[in-house]
Each structure stands twice: as C-alpha cells, then as structure tokens.
file data-v7.tsv (TSV, C-alpha atoms (C1' of nucleotides) and all ligand atoms)
chain	number	residue	atom	x	y	z
A	805	MET	CA	7.20	176.32	-15.89
A	806	PRO	CA	8.87	173.60	-13.85
A	807	ASP	CA	6.88	170.54	-12.91
A	808	VAL	CA	4.65	170.85	-9.85
A	809	GLU	CA	6.83	168.76	-7.56
A	810	SER	CA	10.03	170.69	-8.25
A	811	GLN	CA	8.40	174.07	-7.91
A	812	CYS	CA	6.61	173.03	-4.77
A	813	GLU	CA	9.86	171.78	-3.31
A	814	GLY	CA	11.47	175.14	-4.03
A	815	PHE	CA	8.76	177.08	-2.26
A	816	ARG	CA	8.77	174.71	0.70
A	817	HIS	CA	12.53	175.02	0.96
A	818	ALA	CA	12.33	178.80	0.99
A	819	ARG	CA	9.55	178.78	3.60
A	820	GLU	CA	11.67	176.53	5.77
A	821	ALA	CA	14.65	178.87	5.42
A	822	ARG	CA	12.47	181.83	6.34
A	823	ARG	CA	11.76	180.26	9.68
A	824	ASN	CA	15.45	180.49	10.63
A	825	VAL	CA	16.16	184.03	9.53
A	826	LEU	CA	15.52	185.66	12.88
A	827	ILE	CA	17.34	183.02	14.86
A	828	GLU	CA	20.37	183.39	12.65
A	829	ASP	CA	20.40	187.17	12.82
A	830	TYR	CA	19.98	187.20	16.59
A	831	VAL	CA	22.67	184.63	17.26
A	832	GLU	CA	25.15	186.31	14.95
A	833	LEU	CA	24.44	189.69	16.50
A	834	ILE	CA	24.71	188.44	20.06
A	835	ASP	CA	28.04	186.86	19.26
A	836	ASP	CA	29.26	190.12	17.73
A	837	LEU	CA	28.16	192.09	20.78
A	838	LEU	CA	29.81	189.65	23.18
A	839	THR	CA	33.03	189.67	21.20
A	840	GLU	CA	33.16	193.40	20.93
A	841	GLY	CA	31.92	194.54	24.31
A	842	GLN	CA	31.78	191.50	26.60
A	843	GLU	CA	28.08	191.88	27.02
A	844	ALA	CA	24.85	191.66	25.02
A	845	ARG	CA	21.89	193.31	26.64
A	846	GLN	CA	18.33	193.35	25.36
A	847	VAL	CA	18.42	197.07	24.76
A	848	ASP	CA	21.57	196.82	22.66
A	849	ILE	CA	20.14	194.01	20.59
A	850	ALA	CA	16.94	196.00	20.12
A	851	ASP	CA	18.88	199.07	18.97
A	852	ARG	CA	20.95	197.08	16.51
A	853	LEU	CA	17.96	195.26	15.06
A	854	GLY	CA	15.72	198.29	15.03
A	855	VAL	CA	12.96	196.65	17.05
A	856	SER	CA	11.55	197.27	20.50
A	857	GLN	CA	12.95	195.79	23.68
A	858	PRO	CA	9.83	193.68	24.37
A	859	THR	CA	10.20	192.20	20.90
A	860	VAL	CA	13.72	191.15	21.79
A	861	ALA	CA	12.62	189.80	25.15
A	862	LYS	CA	10.10	187.59	23.43
A	863	MET	CA	12.57	186.30	20.87
A	864	LEU	CA	15.07	185.52	23.60
A	865	VAL	CA	12.57	183.19	25.20
A	866	ARG	CA	12.52	181.31	21.92
A	867	LEU	CA	16.30	181.31	21.63
A	868	VAL	CA	16.58	179.90	25.15
A	869	ALA	CA	13.93	177.28	24.37
A	870	GLU	CA	15.82	176.25	21.26
A	871	GLY	CA	19.04	175.99	23.22
A	872	PHE	CA	21.08	178.76	21.62
A	873	VAL	CA	21.39	181.21	24.49
A	874	THR	CA	21.38	181.47	28.27
A	875	ARG	CA	20.75	184.52	30.38
A	876	LYS	CA	22.16	185.91	33.57
A	877	PRO	CA	19.44	188.15	35.03
A	878	TYR	CA	20.30	191.78	34.44
A	879	ARG	CA	23.68	190.65	33.19
A	880	GLY	CA	22.85	190.07	29.58
A	881	ILE	CA	22.68	187.21	27.14
A	882	PHE	CA	25.22	184.46	26.50
A	883	LEU	CA	25.59	181.83	23.83
A	884	THR	CA	25.51	178.11	24.47
A	885	ASP	CA	27.92	175.88	22.59
A	886	ALA	CA	25.23	175.33	20.00
A	887	GLY	CA	24.65	179.05	19.80
A	888	LEU	CA	28.32	179.76	19.36
A	889	ALA	CA	28.66	177.13	16.67
A	890	LEU	CA	25.66	178.54	14.82
A	891	ALA	CA	27.01	182.08	15.17
A	892	GLU	CA	30.31	181.13	13.62
A	893	THR	CA	28.72	179.35	10.69
A	894	VAL	CA	26.29	182.17	10.10
A	895	ARG	CA	28.88	184.91	10.36
A	896	ALA	CA	31.22	183.14	7.95
A	897	ARG	CA	28.39	182.77	5.47
A	898	HIS	CA	27.29	186.35	5.85
A	899	GLN	CA	30.82	187.68	5.35
A	900	LEU	CA	31.42	185.52	2.32
A	901	VAL	CA	28.20	186.64	0.67
A	902	GLU	CA	29.05	190.28	1.30
A	903	GLU	CA	32.64	189.87	0.10
A	904	PHE	CA	31.39	188.18	-3.00
A	905	LEU	CA	29.04	191.04	-3.83
A	906	LEU	CA	31.83	193.54	-3.27
A	907	ALA	CA	34.14	191.58	-5.54
A	908	LEU	CA	31.41	191.63	-8.17
A	909	GLY	CA	31.55	195.39	-8.10
A	910	VAL	CA	28.47	196.11	-6.01
A	911	ASP	CA	28.85	199.25	-3.92
A	912	ALA	CA	29.47	198.81	-0.20
A	913	VAL	CA	26.11	200.06	1.03
A	914	THR	CA	24.12	197.89	-1.36
A	915	ALA	CA	26.31	194.89	-0.63
A	916	ARG	CA	25.63	195.28	3.05
A	917	LEU	CA	21.88	195.64	2.58
A	918	ASP	CA	21.53	192.78	0.11
A	919	ALA	CA	23.78	190.44	2.06
A	920	GLU	CA	21.69	190.89	5.20
A	921	GLY	CA	18.74	189.36	3.40
A	922	MET	CA	20.36	187.01	0.90
A	923	GLU	CA	22.65	185.26	3.36
A	924	HIS	CA	19.85	183.18	4.83
A	925	PHE	CA	19.02	181.57	1.52
A	926	VAL	CA	22.48	180.74	0.25
A	927	SER	CA	23.26	177.03	0.45
A	928	ASP	CA	26.64	175.50	1.19
A	929	ALA	CA	26.99	174.54	-2.45
A	930	THR	CA	26.44	178.10	-3.62
A	931	LEU	CA	28.72	179.36	-0.89
A	932	GLU	CA	31.41	177.07	-2.21
A	933	ALA	CA	30.89	178.46	-5.70
A	934	PHE	CA	31.27	181.98	-4.30
A	935	ARG	CA	34.46	180.94	-2.52
A	936	THR	CA	35.89	179.42	-5.66
A	937	ALA	CA	35.08	182.46	-7.75
A	938	LEU	CA	36.74	184.69	-5.19
A	939	LYS	CA	39.80	182.47	-4.99
A	940	THR	CA	40.33	182.17	-8.71
A	941	GLY	CA	39.94	185.92	-9.02
A	942	VAL	CA	37.63	185.76	-12.01
A	943	LEU	CA	35.54	188.56	-10.57
A	944	ARG	CA	38.28	191.18	-10.35
A	945	ARG	CA	37.74	194.11	-12.57
B	1063	MET	CA	30.78	195.61	13.84
B	1064	PRO	CA	29.17	198.34	11.75
B	1065	ASP	CA	27.80	201.39	13.51
B	1066	VAL	CA	24.33	201.07	14.99
B	1067	GLU	CA	22.57	203.14	12.33
B	1068	SER	CA	23.99	201.21	9.40
B	1069	GLN	CA	23.31	197.83	10.92
B	1070	CYS	CA	19.83	198.84	11.95
B	1071	GLU	CA	19.15	200.08	8.44
B	1072	GLY	CA	20.23	196.71	7.06
B	1073	PHE	CA	17.91	194.77	9.32
B	1074	ARG	CA	15.01	197.11	8.63
B	1075	HIS	CA	15.63	196.79	4.93
B	1076	ALA	CA	15.58	193.01	5.12
B	1077	ARG	CA	12.41	192.99	7.23
B	1078	GLU	CA	10.76	195.23	4.68
B	1079	ALA	CA	11.81	192.91	1.86
B	1080	ARG	CA	10.45	189.94	3.77
B	1081	ARG	CA	7.01	191.50	3.74
B	1082	ASN	CA	6.93	191.31	-0.05
B	1083	VAL	CA	8.19	187.78	-0.53
B	1084	LEU	CA	4.79	186.14	-0.70
B	1085	ILE	CA	3.27	188.82	-2.87
B	1086	GLU	CA	6.10	188.48	-5.34
B	1087	ASP	CA	5.93	184.69	-5.44
B	1088	TYR	CA	2.15	184.69	-5.88
B	1089	VAL	CA	2.11	187.29	-8.63
B	1090	GLU	CA	4.91	185.60	-10.54
B	1091	LEU	CA	3.23	182.23	-10.22
B	1092	ILE	CA	-0.18	183.52	-11.27
B	1093	ASP	CA	1.35	185.11	-14.33
B	1094	ASP	CA	3.09	181.85	-15.20
B	1095	LEU	CA	-0.15	179.90	-14.83
B	1096	LEU	CA	-2.08	182.38	-16.94
B	1097	THR	CA	0.55	182.38	-19.65
B	1098	GLU	CA	0.81	178.64	-19.75
B	1099	GLY	CA	-2.78	177.51	-19.35
B	1100	GLN	CA	-5.02	180.60	-19.65
B	1101	GLU	CA	-6.24	180.16	-16.11
B	1102	ALA	CA	-5.01	180.35	-12.55
B	1103	ARG	CA	-7.27	178.69	-10.03
B	1104	GLN	CA	-6.80	178.61	-6.29
B	1105	VAL	CA	-6.23	174.89	-6.28
B	1106	ASP	CA	-3.48	175.15	-8.87
B	1107	ILE	CA	-1.76	177.93	-6.98
B	1108	ALA	CA	-2.01	175.89	-3.79
B	1109	ASP	CA	-0.47	172.84	-5.46
B	1110	ARG	CA	2.40	174.83	-6.89
B	1111	LEU	CA	3.16	176.63	-3.65
B	1112	GLY	CA	2.70	173.57	-1.49
B	1113	VAL	CA	0.09	175.19	0.75
B	1114	SER	CA	-3.59	174.56	1.32
B	1115	GLN	CA	-6.38	176.10	-0.70
B	1116	PRO	CA	-7.71	178.15	2.24
B	1117	THR	CA	-4.24	179.62	2.68
B	1118	VAL	CA	-4.31	180.73	-0.94
B	1119	ALA	CA	-7.83	182.10	-0.55
B	1120	LYS	CA	-6.65	184.29	2.31
B	1121	MET	CA	-3.63	185.56	0.45
B	1122	LEU	CA	-5.76	186.37	-2.59
B	1123	VAL	CA	-7.85	188.70	-0.45
B	1124	ARG	CA	-4.65	190.55	0.33
B	1125	LEU	CA	-3.53	190.58	-3.30
B	1126	VAL	CA	-6.89	192.03	-4.34
B	1127	ALA	CA	-6.69	194.61	-1.55
B	1128	GLU	CA	-3.23	195.64	-2.70
B	1129	GLY	CA	-4.43	195.93	-6.26
B	1130	PHE	CA	-2.45	193.18	-7.95
B	1131	VAL	CA	-5.20	190.76	-8.92
B	1132	THR	CA	-8.88	190.53	-9.73
B	1133	ARG	CA	-11.12	187.51	-9.63
B	1134	LYS	CA	-13.89	186.17	-11.75
B	1135	PRO	CA	-15.95	183.92	-9.46
B	1136	TYR	CA	-15.22	180.27	-10.22
B	1137	ARG	CA	-13.22	181.42	-13.22
B	1138	GLY	CA	-9.89	181.98	-11.60
B	1139	ILE	CA	-7.53	184.80	-10.84
B	1140	PHE	CA	-6.34	187.56	-13.15
B	1141	LEU	CA	-3.63	190.17	-12.89
B	1142	THR	CA	-4.25	193.91	-12.88
B	1143	ASP	CA	-1.85	196.13	-14.80
B	1144	ALA	CA	0.08	196.64	-11.60
B	1145	GLY	CA	0.12	192.89	-11.04
B	1146	LEU	CA	1.36	192.23	-14.54
B	1147	ALA	CA	4.09	194.82	-14.24
B	1148	LEU	CA	5.21	193.37	-10.92
B	1149	ALA	CA	5.15	189.86	-12.35
B	1150	GLU	CA	7.40	190.83	-15.21
B	1151	THR	CA	9.91	192.56	-12.99
B	1152	VAL	CA	9.93	189.72	-10.51
B	1153	ARG	CA	10.25	187.01	-13.12
B	1154	ALA	CA	13.13	188.76	-14.84
B	1155	ARG	CA	14.92	189.12	-11.52
B	1156	HIS	CA	14.27	185.50	-10.56
B	1157	GLN	CA	15.56	184.21	-13.88
B	1158	LEU	CA	18.65	186.35	-13.77
B	1159	VAL	CA	19.53	185.22	-10.26
B	1160	GLU	CA	19.11	181.59	-11.25
B	1161	GLU	CA	21.09	182.02	-14.45
B	1162	PHE	CA	23.84	183.69	-12.54
B	1163	LEU	CA	24.11	180.83	-10.07
B	1164	LEU	CA	24.20	178.33	-12.91
B	1165	ALA	CA	26.94	180.30	-14.64
B	1166	LEU	CA	28.88	180.25	-11.39
B	1167	GLY	CA	28.86	176.49	-11.53
B	1168	VAL	CA	26.12	175.77	-9.02
B	1169	ASP	CA	24.16	172.63	-9.89
B	1170	ALA	CA	20.68	173.07	-11.34
B	1171	VAL	CA	18.72	171.80	-8.35
B	1172	THR	CA	20.60	173.96	-5.87
B	1173	ALA	CA	20.39	176.97	-8.15
B	1174	ARG	CA	16.64	176.56	-8.33
B	1175	LEU	CA	16.24	176.20	-4.57
B	1176	ASP	CA	18.58	179.06	-3.66
B	1177	ALA	CA	17.18	181.41	-6.28
B	1178	GLU	CA	13.66	180.95	-4.97
B	1179	GLY	CA	14.73	182.46	-1.66
B	1180	MET	CA	17.54	184.82	-2.68
B	1181	GLU	CA	15.65	186.58	-5.46
B	1182	HIS	CA	13.59	188.65	-3.05
B	1183	PHE	CA	16.62	190.27	-1.50
B	1184	VAL	CA	18.63	191.10	-4.58
B	1185	SER	CA	18.60	194.82	-5.38
B	1186	ASP	CA	18.64	196.34	-8.82
B	1187	ALA	CA	22.27	197.32	-8.34
B	1188	THR	CA	23.30	193.77	-7.54
B	1189	LEU	CA	21.17	192.51	-10.39
B	1190	GLU	CA	23.06	194.81	-12.70
B	1191	ALA	CA	26.33	193.43	-11.40
B	1192	PHE	CA	25.08	189.90	-12.11
B	1193	ARG	CA	24.07	190.95	-15.61
B	1194	THR	CA	27.44	192.48	-16.28
B	1195	ALA	CA	29.31	189.44	-15.01
B	1196	LEU	CA	27.21	187.21	-17.23
B	1197	LYS	CA	27.70	189.43	-20.25
B	1198	THR	CA	31.44	189.73	-19.90
B	1199	GLY	CA	31.65	186.00	-19.49
B	1200	VAL	CA	34.04	186.13	-16.55
B	1201	LEU	CA	32.17	183.32	-14.88
B	1202	ARG	CA	32.54	180.71	-17.62
B	1203	ARG	CA	34.57	177.78	-16.61
C	72	DT	C1'	-32.31	168.14	-15.40
C	73	DT	C1'	-30.31	165.91	-12.16
C	74	DT	C1'	-26.31	164.05	-10.35
C	75	DA	C1'	-21.36	164.16	-9.83
C	76	DC	C1'	-17.51	166.71	-9.64
C	77	DC	C1'	-14.83	170.77	-9.22
C	78	DT	C1'	-13.90	175.02	-6.99
C	79	DT	C1'	-14.38	178.33	-3.59
C	80	DA	C1'	-15.91	180.03	0.94
C	81	DT	C1'	-15.97	179.77	5.97
C	82	DA	C1'	-15.14	178.62	10.60
C	83	DG	C1'	-12.00	177.74	14.03
C	84	DC	C1'	-7.40	177.03	15.57
C	85	DC	C1'	-2.40	177.73	15.72
C	86	DT	C1'	2.44	179.91	15.66
C	87	DA	C1'	5.40	183.73	14.57
C	88	DT	C1'	6.60	188.67	14.70
C	89	DT	C1'	5.96	193.01	15.83
C	90	DG	C1'	4.16	197.07	18.59
C	91	DC	C1'	2.86	200.16	22.82
C	92	DA	C1'	2.25	201.00	27.55
C	93	DT	C1'	3.39	199.99	31.99
C	94	DA	C1'	5.12	197.50	35.95
C	95	DT	C1'	8.90	195.51	38.24
C	96	DT	C1'	13.44	194.71	39.49
C	97	DA	C1'	18.44	195.46	39.59
C	98	DT	C1'	22.31	198.52	39.62
C	99	DT	C1'	24.45	202.92	40.53
C	100	DT	C1'	25.15	207.08	42.32
C	101	DC	C1'	24.92	210.51	45.72
D	285	DG	C1'	20.64	203.50	52.09
D	286	DA	C1'	17.57	206.09	49.40
D	287	DA	C1'	16.85	208.04	45.03
D	288	DA	C1'	17.82	207.97	40.32
D	289	DT	C1'	18.75	205.28	36.48
D	290	DA	C1'	18.99	201.26	33.73
D	291	DA	C1'	17.22	196.95	32.35
D	292	DT	C1'	13.87	193.59	32.07
D	293	DA	C1'	9.19	191.63	32.46
D	294	DT	C1'	4.35	191.62	31.33
D	295	DG	C1'	-0.16	192.57	29.52
D	296	DC	C1'	-2.71	193.59	25.60
D	297	DA	C1'	-3.27	194.04	20.57
D	298	DA	C1'	-2.42	193.61	15.71
D	299	DT	C1'	-0.88	191.46	11.31
D	300	DA	C1'	0.85	187.65	8.72
D	301	DG	C1'	0.82	183.09	7.36
D	302	DG	C1'	-0.26	178.36	8.13
D	303	DC	C1'	-3.62	174.25	8.99
D	304	DT	C1'	-8.08	171.04	9.09
D	305	DA	C1'	-12.69	170.27	8.38
D	306	DT	C1'	-16.77	171.34	6.34
D	307	DA	C1'	-20.23	173.93	3.84
D	308	DA	C1'	-21.75	175.79	-0.25
D	309	DG	C1'	-21.89	177.27	-4.86
D	310	DG	C1'	-20.91	176.41	-10.11
D	311	DT	C1'	-20.01	173.53	-14.00
D	312	DA	C1'	-20.57	169.92	-16.71
D	313	DA	C1'	-21.62	165.14	-17.86
D	314	DA	C1'	-25.03	161.65	-18.12
A	1301	MN	MN	23.91	188.11	9.23
A	1302	MN	MN	20.52	188.57	7.97
A	1303	MN	MN	10.21	183.76	-8.04
A	1304	MN	MN	10.68	183.25	-4.47

call {"tool": "encode", "arguments": {"input": "data-v7.tsv", "output": "structure tokens", "more": "lines below"}}
Ligand SMILES: [Mn+2]
Ligand SMILES: [Mn+2]
Ligand SMILES: [Mn+2]
Ligand SMILES: [Mn+2]
result
Amino acid sequence: MPDVESQCEGFRHAREARRNVLIEDYVELIDDLLTEGQEARQVDIADRLGVSQPTVAKMLVRLVAEGFVTRKPYRGIFLTDAGLALAETVRARHQLVEEFLLALGVDAVTARLDAEGMEHFVSDATLEAFRTALKTGVLRR
Amino acid sequence: MPDVESQCEGFRHAREARRNVLIEDYVELIDDLLTEGQEARQVDIADRLGVSQPTVAKMLVRLVAEGFVTRKPYRGIFLTDAGLALAETVRARHQLVEEFLLALGVDAVTARLDAEGMEHFVSDATLEAFRTALKTGVLRR
DNA sequence: TTTACCTTATAGCCTATTGCATATTATTTC
DNA sequence: GAAATAATATGCAATAGGCTATAAGGTAAA
C-alpha cells in the first residue's frame, strides 16, 4: 500500500475532478448543439443527457453562476468566452481519449461509453502520452 | 454529434458508473488494510481517503446495507464474500490501469492520480485491450 | 480498578444531483 | 388575436456525500 499522504492525495484529486464532470459534459454538449444547430435549448440538452428538463434548468443556474453560459429567455443557451474555451479543451480531450481507445483496438461502442467517463480524469500529461502513442503509431495492429 | 440515443446511453452509463466509485474505492481500501495490518478501522479508512470519520461511518452503513462489509463493534470492518470478490476485481483493474499508464511513459505520480479516477470507468473490454498492449510490448519505449 | 486513550456514534448543517408534478410564459399557427 | 404548442420556471422531495462538534462506549495501561 502507498503511504497515507500519497494515497490521500490521490483520492482528494479524484474527488476534486468529480466535481467538474457535469460542468464539463454540459459545456461540451452545449457547444456541440450550438455548432450543429445554432441553438441549445433546455429540452435538447435534457434529451441528450438523459435527464429531466428541470434538472437541466437547475444546472444551468450553476453554469451561469460560474460564468460559463448566458441565456436569452426562450431563445436558448449560449457560451461565454470562458465557456467556449472550456468546451474546446474538453472536446479535444474527449476526442483524443476516444481515438486512443479505438487505436488500441477497443470496439466503437465501448470506446464511446468508456471515454465519456474516463475523459474527466485524464490529465494533460497522460493526454500527451496518448497523443505520442497515436503519432508514433505503436498501437496499430 | 452522435445520435440522441447513443449519446444519451453514454451519459447514462457514466452516471451509473459514478454511483459505484465510492463503493469500489472503499472496498478496495478495506481489503488492502485487512491484508496489510489485519484490521480496518474507521479512523484508518478516513485517513487514507482524506475524509472525516463520520463520513466513513455513514458510508459504512451503506456498504453493510449493500452486503459488502460486516462490522465487529470496536474491532473494525470486515469484507463479506461479495465484498472480497469485488475488492479483488477492483484492485486488479486499478493495478492494470496504472501499469498501463506507466508503460505508456506517464510519470509515476501522474499515473497514480489519473488511475485513481479513471479506473472506475474502464470496461472489461478496454481492460483487455490494455492487457494485450502490455503483453505484446508495443508500448515499450 | 480506575484513569487515559482510542474508537465509534450522533446530531445538525451543508452542497450537489436527480426526480415528478405543475404553473407560467413565449412562440406559432390558424 | 386567440388557441394550441413549445419551452421554461418552480415547488417539493429524495439520495448521496461532505463537514464540525460532541457524546458515548471499549480497551488497555497504570
Ligand atoms: Mn465529453
Ligand atoms: Mn463525459
Ligand atoms: Mn482503486
Ligand atoms: Mn478510485
């Protein structure tokens, strides 16, 4: 077993990351919806996430409070500069994680499912290792 | 963007996995403590997880309710057969994820931190892909 | 055996995430 | 412009996961 401090640090780190999971998923999704259809409404977000509309409404209050989105009443949700920046970072990370799994030989459905969860816990350093492995082609089979 | 059903399934899957994160970490940790020192007390668990003792007490109620642990008053926590089985599965998965990151060239500290979060979202299929990549040595640098 | 220490239990409070049911408000359509 | 439809807001409730402070119960040393 690792020493108490190291292990404790690991658990704290993971708990911290868990607090950002929803924010990251929402912001990425909103950006996708805006890019694809010019609008992101609560009902669409709810459908995509598989939660109820009131659940989305509540989370949007938090996203506004944290400065990631703005809202035009009955006109949908929009990203602030901070929101857009976060969306781009998060999407790039998500895509890289999924691509990496695919390159490893994981089937497409599993890669999609696993990436949706894993992405939030992959650090920049690990992401860089994924990128390198993809680039050098060592994973091709 | 993926179709609504697929994306929704991914988010649901990840939410489901999130509900097991704590259970998995607790059971793995309790097993480690029992193996190493013959006892797992609330205070030790709390120290290792970086949470308070009352927080552990509350979670233990849940772990007992879900059939993973039993308790001897003032004598610590013990694993049921189900708890032991879960612990073994979870530990093997955790170790494999961490080993895989290390083999990819990720530094030890980062590998430890990332693995603590990622492990809970890695499916058996992906785990098998990790195992294969490790075995065939394609990741060695 | 009595005190000191260790461990666990409890009470009370908080934030985060989710749900259901229903009301309200805006937009569209006829 | 009124009715139908779509979208959002709100109230109420539940579960999960944290915390601090304090009480209480066991163990073990003196
Ligand atoms: Mn994502
Ligand atoms: Mn995700
Ligand atoms: Mn673990
Ligand atoms: Mn973990």

call {"tool": "atom_distance", "arguments": {"input": "data-v7.tsv", "atom1": "atom CA of A:Ala850", "atom2": "atom CA of A:Lys876"}}
result
17.6 Å

call {"tool": "closest_atom_pairs", "arguments": {"input": "data-v7.tsv", "of": "chain B", "to": "ligand MN 1301 (chain A)", "cutoff": "10 Å", "atoms": "only C-alpha atoms and all ligand atoms", "output": "CSV"}}
result
residue,atom,partner,partner_atom,distance
B:Gln1069,CA,A:MN1301,MN,9.9
B:Gly1072,CA,A:MN1301,MN,9.6
B:Phe1073,CA,A:MN1301,MN,9.0

call {"tool": "closest_residue", "arguments": {"input": "data-v7.tsv", "among": "A:Ile827, A:Val808, A:Ala821, A:Leu905", "to": "ligand MN 1304 (chain A)", "atoms": "only C-alpha atoms and all ligand atoms"}}
result
A:Ala821

call {"tool": "interface_residues", "arguments": {"input": "data-v7.tsv", "of": "chain A", "to": "chain B", "cutoff": "9 Å", "atoms": "only C-alpha atoms", "output": "CSV table (one decimal) with C-alpha atoms, keeping the file's coordinate frame"}}
result
chain,number,residue,atom,x,y,z
A,805,MET,CA,7.2,176.3,-15.9
A,807,ASP,CA,6.9,170.5,-12.9
A,808,VAL,CA,4.6,170.8,-9.8
A,809,GLU,CA,6.8,168.8,-7.6
A,810,SER,CA,10.0,170.7,-8.2
A,811,GLN,CA,8.4,174.1,-7.9
A,812,CYS,CA,6.6,173.0,-4.8
A,813,GLU,CA,9.9,171.8,-3.3
A,814,GLY,CA,11.5,175.1,-4.0
A,815,PHE,CA,8.8,177.1,-2.3
A,816,ARG,CA,8.8,174.7,0.7
A,817,HIS,CA,12.5,175.0,1.0
A,818,ALA,CA,12.3,178.8,1.0
A,819,ARG,CA,9.6,178.8,3.6
A,821,ALA,CA,14.6,178.9,5.4
A,822,ARG,CA,12.5,181.8,6.3
A,829,ASP,CA,20.4,187.2,12.8
A,836,ASP,CA,29.3,190.1,17.7
A,837,LEU,CA,28.2,192.1,20.8
A,840,GLU,CA,33.2,193.4,20.9
A,851,ASP,CA,18.9,199.1,19.0
A,852,ARG,CA,21.0,197.1,16.5
A,853,LEU,CA,18.0,195.3,15.1
A,854,GLY,CA,15.7,198.3,15.0
A,855,VAL,CA,13.0,196.6,17.0
A,905,LEU,CA,29.0,191.0,-3.8
A,908,LEU,CA,31.4,191.6,-8.2
A,909,GLY,CA,31.6,195.4,-8.1
A,910,VAL,CA,28.5,196.1,-6.0
A,911,ASP,CA,28.8,199.2,-3.9
A,913,VAL,CA,26.1,200.1,1.0
A,914,THR,CA,24.1,197.9,-1.4
A,915,ALA,CA,26.3,194.9,-0.6
A,916,ARG,CA,25.6,195.3,3.0
A,917,LEU,CA,21.9,195.6,2.6
A,918,ASP,CA,21.5,192.8,0.1
A,919,ALA,CA,23.8,190.4,2.1
A,920,GLU,CA,21.7,190.9,5.2
A,921,GLY,CA,18.7,189.4,3.4
A,922,MET,CA,20.4,187.0,0.9
A,923,GLU,CA,22.6,185.3,3.4
A,924,HIS,CA,19.8,183.2,4.8
A,925,PHE,CA,19.0,181.6,1.5
A,926,VAL,CA,22.5,180.7,0.2
A,927,SER,CA,23.3,177.0,0.4
A,929,ALA,CA,27.0,174.5,-2.4
A,930,THR,CA,26.4,178.1,-3.6
A,932,GLU,CA,31.4,177.1,-2.2
A,933,ALA,CA,30.9,178.5,-5.7
A,934,PHE,CA,31.3,182.0,-4.3
A,937,ALA,CA,35.1,182.5,-7.8
A,942,VAL,CA,37.6,185.8,-12.0
A,943,LEU,CA,35.5,188.6,-10.6

call {"tool": "interface_residues", "arguments": {"input": "data-v7.tsv", "of": "chain C", "to": "chain B", "cutoff": "12 Å", "atoms": "all atoms listed in the file", "output": "ChimeraX atom specification"}}
result
/C:77-82,88-89

call {"tool": "atom_distance", "arguments": {"input": "data-v7.tsv", "atom1": "atom C1' of D:DA291", "atom2": "atom C1' of C:DT93"}}
result
14.2 Å

call {"tool": "closest_atom_pairs", "arguments": {"input": "data-v7.tsv", "of": "chain D", "to": "chain A", "cutoff": "12 Å", "atoms": "all atoms listed in the file", "output": "JSON lines"}}
result
{"residue": "D:DA290", "atom": "C1'", "partner": "A:Tyr878", "partner_atom": "CA", "distance": 9.6}
{"residue": "D:DA291", "atom": "C1'", "partner": "A:Tyr878", "partner_atom": "CA", "distance": 6.4}
{"residue": "D:DT292", "atom": "C1'", "partner": "A:Tyr878", "partner_atom": "CA", "distance": 7.1}
{"residue": "D:DA293", "atom": "C1'", "partner": "A:Ala861", "partner_atom": "CA", "distance": 8.3}
{"residue": "D:DT294", "atom": "C1'", "partner": "A:Pro858", "partner_atom": "CA", "distance": 9.1}
{"residue": "D:DG295", "atom": "C1'", "partner": "A:Pro858", "partner_atom": "CA", "distance": 11.3}
{"residue": "D:DG301", "atom": "C1'", "partner": "A:Arg819", "partner_atom": "CA", "distance": 10.4}
{"residue": "D:DG302", "atom": "C1'", "partner": "A:Arg819", "partner_atom": "CA", "distance": 10.8}

call {"tool": "residues_around", "arguments": {"input": "data-v7.tsv", "residues": "C:DT73", "least_positions_apart": "3", "cutoff": "12 Å", "atoms": "all atoms listed in the file", "output": "list of chain:residue names"}}
result
D:DA312, D:DA313, D:DA314

call {"tool": "closest_residue", "arguments": {"input": "data-v7.tsv", "among": "D:DT306, D:DT299, D:DT289, D:DT311", "to": "B:Arg1124", "atoms": "only C-alpha atoms (C1' of nucleotides)"}}
result
D:DT299

call {"tool": "atom_distance", "arguments": {"input": "data-v7.tsv", "atom1": "atom CA of A:Ala912", "atom2": "atom CA of A:Glu843"}}
result
28.1 Å

call {"tool": "closest_residue", "arguments": {"input": "data-v7.tsv", "among": "B:Val1131, B:Ala1102, B:Leu1158, B:Val1152", "to": "ligand MN 1303 (chain A)", "atoms": "only C-alpha atoms and all ligand atoms"}}
result
B:Val1152

call {"tool": "closest_residue", "arguments": {"input": "data-v7.tsv", "among": "C:DA75, C:DA94, C:DC85, C:DC101", "to": "D:DC303", "atoms": "only C-alpha atoms (C1' of nucleotides)"}}
result
C:DC85

call {"tool": "residues_around", "arguments": {"input": "data-v7.tsv", "residues": "A:Asp835", "least_positions_apart": "5", "cutoff": "8 Å", "atoms": "all atoms listed in the file", "output": "PDB file with C-alpha atoms, in the coordinates of the input"}}
result
ATOM      1  CA  LEU A 883      25.590 181.830  23.830  1.00  0.00           C
ATOM      2  CA  LEU A 888      28.320 179.760  19.360  1.00  0.00           C
ATOM      3  CA  ALA A 891      27.010 182.080  15.170  1.00  0.00           C
TER       4      ALA A 891
END

call {"tool": "closest_residue", "arguments": {"input": "data-v7.tsv", "among": "B:Glu1090, B:Arg1081, B:Ile1139, B:Glu1160", "to": "ligand MN 1303 (chain A)", "atoms": "all atoms listed in the file"}}
result
B:Glu1090

call {"tool": "decode", "arguments": {"input": "data-v7.tsv", "residues": "stretch 1152-1163 of chain B", "atoms": "C-alpha atoms", "output": "JSON list (two decimals), in the first residue's frame"}}
result
[["chain", "number", "residue", "atom", "x", "y", "z"],
["B", 1152, "VAL", "CA", -11.42, -3.71, -8.47],
["B", 1153, "ARG", "CA", -7.82, -3.99, -7.35],
["B", 1154, "ALA", "CA", -6.83, -5.94, -10.44],
["B", 1155, "ARG", "CA", -8.46, -3.33, -12.64],
["B", 1156, "HIS", "CA", -6.85, -0.45, -10.76],
["B", 1157, "GLN", "CA", -3.41, -2.01, -10.98],
["B", 1158, "LEU", "CA", -3.74, -2.76, -14.65],
["B", 1159, "VAL", "CA", -4.82, 0.78, -15.46],
["B", 1160, "GLU", "CA", -1.90, 2.19, -13.53],
["B", 1161, "GLU", "CA", 0.57, -0.23, -15.08],
["B", 1162, "PHE", "CA", -0.70, 0.64, -18.49],
["B", 1163, "LEU", "CA", -0.19, 4.35, -17.93]]
